[in-house]
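Worksheet: the structure to be examined is printed underneath.
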Amino acid sequence: MQFPYQLVAKGTYSLKNVRLEMGFEYDEGEVIRTKTDLFSIDIEGGKIKAVKPNNPASDALDAKGFLMLPAFKDMHIHLDKTLYGLPWQALSPKRRTVKDMIAYEQEIIPELLKTSVERAEQLISLLQHYGTHFARTHFNIDPTSGLKSLENLEKSLEHKKDSFKGELVAFPQHGLYYTDTAPLLKEAAQLKSVGFIGGLDPLSIDGHIEKVLDFTIQLALDHQKGIDIHLHEAGESGMKTINYLIDKTIENPQLQGKTFVSHAFALGHLSPKETEKIAERLAEGKVGIASSIPFRGTVMPIPVLKKYGVNVLIGNDNVQDYWSTFGSGNMLQKANLIAELYGYATEFELSRTLQFATQSILPLDDKGKQQWPKPGDEASIVLADASCSAEAVSRISKTEAFMNEGNLFWRP
């Protein structure tokens with residue numbers, strides 16, 4: 001997909017006929033509708049300068065009554081190794097385990113790296129098509145890729161810098177010790193552009209939970225990085241890994257709020273009592289969960305995690321690659337899936353579910369008081385063809401325009 005928008009404004013300018021949520025309407029104490037009105041918005045220096053009464057007669061850019069929402073963020077994706085832009089390819093039944101996939105990657109990565117800059121840009125354009133302006137993206141660090149995957153990804157992000165931002169996770173996809181990746185990860189950790197140290201199934205891939213996590217944690221501490229590890233393991237080893245990581249964040253408060261477990265499928269196989277206990281521990285250690293909301297036999301306990309205040313991040317993970325056939329690139333579709341899986345069907349519940357696309361920013365608080373946008377907020381927004389947040393989530397509404405740090409892009 002080519003970039004689906006055209007730049008129409010940057011710097012200092014104003015929008016008129018912008019639809020904003022104002023509050024809830026109630027019937028016997030229950031939310032039945034979301035109230036909206038039209039406003040004018042001033043943009044300056046990448047920030048929202050002012051929110052003013054609408055002036056339809058002004059010469060400001062016309063937002064045409066579209067609903068203004070916070071721009072979407074994808075918090076777990078692999079921009080570096082998508083097949084998007086290449087001919088369609090479904091999963092192979094021959095590759096069933098992570099180690100099978102590692103062997104396959106070792107075969108195909110040298111050829112894929114030749115076009116990874118262009119394919120990453122195409123995937124970013126797909127994300128932008130659906131209103132996403134920011135992603136936390138993992139990139140391979142392994143003996144086959146070396147630092148080339150990172151270098152190519154950085155080129156893609158540089159080409160997209162006016163319309164898209166990313167934070168980078170150095171991901172040892174082939175294991176730390178299963179392949180000789182530890183020295184490369186040390187090298188990547190020293191780079192300013194890398195924000196997080198990743199990891200992969202320490203027991204099943206590298207054969208030792210404590211050894212792998214201790215290395216990862218020390219690397220993060222030494223270089224002031226966050227941690228975001230992939231954990232597919234369920235059962236005893238999965239829970240031991242999660243609990244060990246929590247213990248270490250409690251011992252090292254500088255890692256709290258900066259440590260995440262991606263996937264964490266083990267949480268989807270616990271009893272209600274066990275789920276409550278681990279949610280409480282995750283909240284205590286300020287360890288977050290990054291999920292793509294799997295539903296093939298594993299419904300994650302997202303409501304319980306949120307109940308205890310665990311930071312839950314959502315992402316597409318794979319978008320047409322050799323790990324998964326699925327992944328649309330649409331964060332509103334992810335929010336819609338969450339609503340369907342957990343039964344969030346009312347106006348109030350659907351409006352709250354938007355937070356999984358925007359990563360916790362909501363126009364209205366739980367009492368219906370407007371809390372976004374405010375002067376000084378980052379000017380990163382979408383204009384959606386919807387009457388309110390609840391409709392946007394339920395109908396997976398089309399994004400007509402989006403803004404990244406004050407740069408406004410509109411569909412031609």
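Letters A, B, ... go to the chains of the structure tokens in the order shown; residues in each chain start at 1; ligands are counted from 1 in the same order.
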
| field | All residues 8 Å or closer to Glu233 (chain A), only C-alpha atoms, same chain fewer than 6 positions away omitted, as a VMD selection string | value | chain A and resid 201 204 264 to 266

| DSSP alpha helix (DSSP H) residues within region 61-114 of chain A, as a PyMOL selection string | chain A and resi 98-112

| query | Looking at A:Tyr308, A:Tyr322, A:Tyr342, A:Phe402, which one is nearest to Glu105 (chain A), with distances taken over only C-alpha atoms? | reply |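 With only C-alpha atoms as the atom set, the closest residue is A:Tyr322.
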
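Coordinates place CA of Tyr178 (chain A) at a distance of 12.8 Å from CA of Gln106 (chain A).
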
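Residues of region 258-382 of chain A carrying a DSSP assignment of strand (DSSP E), computed from the backbone, are Thr259, Phe260, Val261, Ser262, His263, Val287, Gly288, Ile289, Ala290, Ser291, Val312, Leu313, Ile314, Ile381 and Val382 of chain A.
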
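Distances here use only C-alpha atoms; by that measure, the residue among A:Gln370, A:Thr275, A:Ser397, A:Gln218 closest to Lys248 (chain A) is A:Gln218.
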
| request: Identify which of the residues A:Lys374, A:His223, A:Lys286, A:His269 lies closest to Pro253 (chain A), counting only C-alpha atoms when measuring atom-to-atom distances. | output: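 Closest candidate: A:Lys286.
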
| query | Which value, in Å to one decimal, gives the distance between CA of Ser149 (chain A) and CA of Ser116 (chain A)? | reply | 7.7 Å

Where does region 214-268 of chain A meet region 160-173 of chain A within 10 Å, residue by residue, with the nearest atom pair and distance in Å to one decimal for each, counting only C-alpha atoms, listed by chain and rising number, as a Markdown table?
| residue | atom | partner | partner_atom | distance |
| --- | --- | --- | --- | --- |
| A:Lys225 | CA | A:Val169 | CA | 9.5 |
| A:Gly226 | CA | A:Val169 | CA | 8.7 |
| A:Ile227 | CA | A:Val169 | CA | 8.2 |
| A:Asp228 | CA | A:Val169 | CA | 7.2 |
| A:Ile229 | CA | A:Phe171 | CA | 7.9 |
| A:His230 | CA | A:Phe171 | CA | 8.6 |

| Using only C-alpha atoms, which residue out of A:Leu219, A:Val117, A:Val18, A:Leu157 lies closest to Leu69 (chain A)? | A:Val18

| So which one's closest to Ser58 (chain A), A:Lys369, A:Lys114, A:Lys16, A:Lys94? Using only C-alpha atoms, please. |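 Of A:Lys369, A:Lys114, A:Lys16, A:Lys94, the one nearest Ser58 (chain A) is A:Lys16, counting only C-alpha atoms.
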
| request: Go through A:Arg281, A:Lys49, A:Lys10, A:Arg33 and flag the residue nearest Thr249 (chain A), using only C-alpha atoms for the distances. | output: A:Arg281

| Who sits within 10 Å of Val304 (chain A), only C-alpha atoms, same chain under 5 positions skipped, as a PyMOL selection string | chain A and resi 272+275-276+278-280+309-310

Can you spit out the residues from that selection as a tab-separated table (two decimals), in the first residue's frame, using N, CA, C and O atoms?
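Contents of again-v4.tsv, as written:
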chain	number	residue	atom	x	y	z
A	272	PRO	N	-9.54	-18.57	38.36
A	272	PRO	CA	-9.87	-17.19	38.75
A	272	PRO	C	-9.05	-16.68	39.94
A	272	PRO	O	-8.57	-15.54	39.93
A	275	THR	N	-5.51	-16.02	38.83
A	275	THR	CA	-5.47	-14.83	37.97
A	275	THR	C	-5.47	-13.56	38.82
A	275	THR	O	-4.69	-12.62	38.55
A	276	GLU	N	-6.31	-13.52	39.84
A	276	GLU	CA	-6.35	-12.36	40.73
A	276	GLU	C	-5.00	-12.16	41.42
A	276	GLU	O	-4.50	-11.04	41.54
A	278	ILE	N	-1.91	-13.14	40.46
A	278	ILE	CA	-0.82	-12.68	39.60
A	278	ILE	C	-1.09	-11.26	39.12
A	278	ILE	O	-0.14	-10.47	38.93
A	279	ALA	N	-2.35	-10.89	38.93
A	279	ALA	CA	-2.66	-9.51	38.55
A	279	ALA	C	-2.22	-8.54	39.64
A	279	ALA	O	-1.66	-7.47	39.36
A	280	GLU	N	-2.45	-8.93	40.87
A	280	GLU	CA	-2.04	-8.10	42.00
A	280	GLU	C	-0.52	-7.96	42.05
A	280	GLU	O	0.02	-6.88	42.30
A	309	GLY	N	-5.12	-2.56	37.88
A	309	GLY	CA	-4.26	-1.44	37.49
A	309	GLY	C	-3.02	-1.84	36.71
A	309	GLY	O	-2.07	-1.05	36.61
A	310	VAL	N	-3.01	-3.06	36.14
A	310	VAL	CA	-1.88	-3.49	35.31
A	310	VAL	C	-1.93	-2.71	33.99
A	310	VAL	O	-2.99	-2.55	33.39

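Omitting Trp410 (chain A) and its sequence neighbours fewer than 5 positions away, and counting only C-alpha atoms, the residues within 6 Å are Tyr5, Gln6 and Ala401 of chain A.
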
Contact check, region 369-403 of chain A to region 71-80 of chain A, at most 7 Å, counting only C-alpha atoms, closest pairs as a tab-separated table:
residue	atom	partner	partner_atom	distance
A:Ser380	CA	A:Ala71	CA	5.4
A:Ile381	CA	A:Ala71	CA	4.1
A:Val382	CA	A:Ala71	CA	5.0

Take the residues just selected and output them with all heavy atoms as a PDB file, in the first residue's frame.
ATOM      1  N   SER A 380      -1.575  14.928  18.009  1.00  0.00           N
ATOM      2  CA  SER A 380      -1.593  13.671  17.265  1.00  0.00           C
ATOM      3  C   SER A 380      -3.000  13.112  17.390  1.00  0.00           C
ATOM      4  O   SER A 380      -3.403  12.654  18.471  1.00  0.00           O
ATOM      5  CB  SER A 380      -0.550  12.694  17.804  1.00  0.00           C
ATOM      6  OG  SER A 380       0.758  13.186  17.593  1.00  0.00           O
ATOM      7  N   ILE A 381      -3.752  13.190  16.308  1.00  0.00           N
ATOM      8  CA  ILE A 381      -5.179  12.894  16.348  1.00  0.00           C
ATOM      9  C   ILE A 381      -5.589  12.105  15.107  1.00  0.00           C
ATOM     10  O   ILE A 381      -4.844  11.993  14.149  1.00  0.00           O
ATOM     11  CB  ILE A 381      -6.016  14.191  16.410  1.00  0.00           C
ATOM     12  CG1 ILE A 381      -5.878  14.943  15.071  1.00  0.00           C
ATOM     13  CG2 ILE A 381      -5.583  15.072  17.571  1.00  0.00           C
ATOM     14  CD1 ILE A 381      -6.955  15.958  14.794  1.00  0.00           C
ATOM     15  N   VAL A 382      -6.810  11.568  15.148  1.00  0.00           N
ATOM     16  CA  VAL A 382      -7.468  11.074  13.947  1.00  0.00           C
ATOM     17  C   VAL A 382      -8.817  11.761  13.830  1.00  0.00           C
ATOM     18  O   VAL A 382      -9.417  12.168  14.838  1.00  0.00           O
ATOM     19  CB  VAL A 382      -7.663   9.539  13.952  1.00  0.00           C
ATOM     20  CG1 VAL A 382      -6.337   8.824  13.953  1.00  0.00           C
ATOM     21  CG2 VAL A 382      -8.521   9.091  15.121  1.00  0.00           C
TER      22      VAL A 382
END

Each residue of region 86-171 of chain A lying at most 9 Å from region 331-337 of chain A should get a row with its shortest atom-to-atom pair and the distance in Å to one decimal, counting only C-alpha atoms; could you produce that, ordered by chain and increasing number, as a Markdown table?
| residue | atom | partner | partner_atom | distance |
| --- | --- | --- | --- | --- |
| A:Leu127 | CA | A:Met331 | CA | 8.3 |
| A:Tyr130 | CA | A:Met331 | CA | 7.3 |
| A:Gly131 | CA | A:Met331 | CA | 8.0 |
| A:Thr132 | CA | A:Met331 | CA | 7.3 |

| Quick one: distance from CA of Glu44 (chain A) to CA of Leu408 (chain A) in Å, one decimal? | 11.7 Å
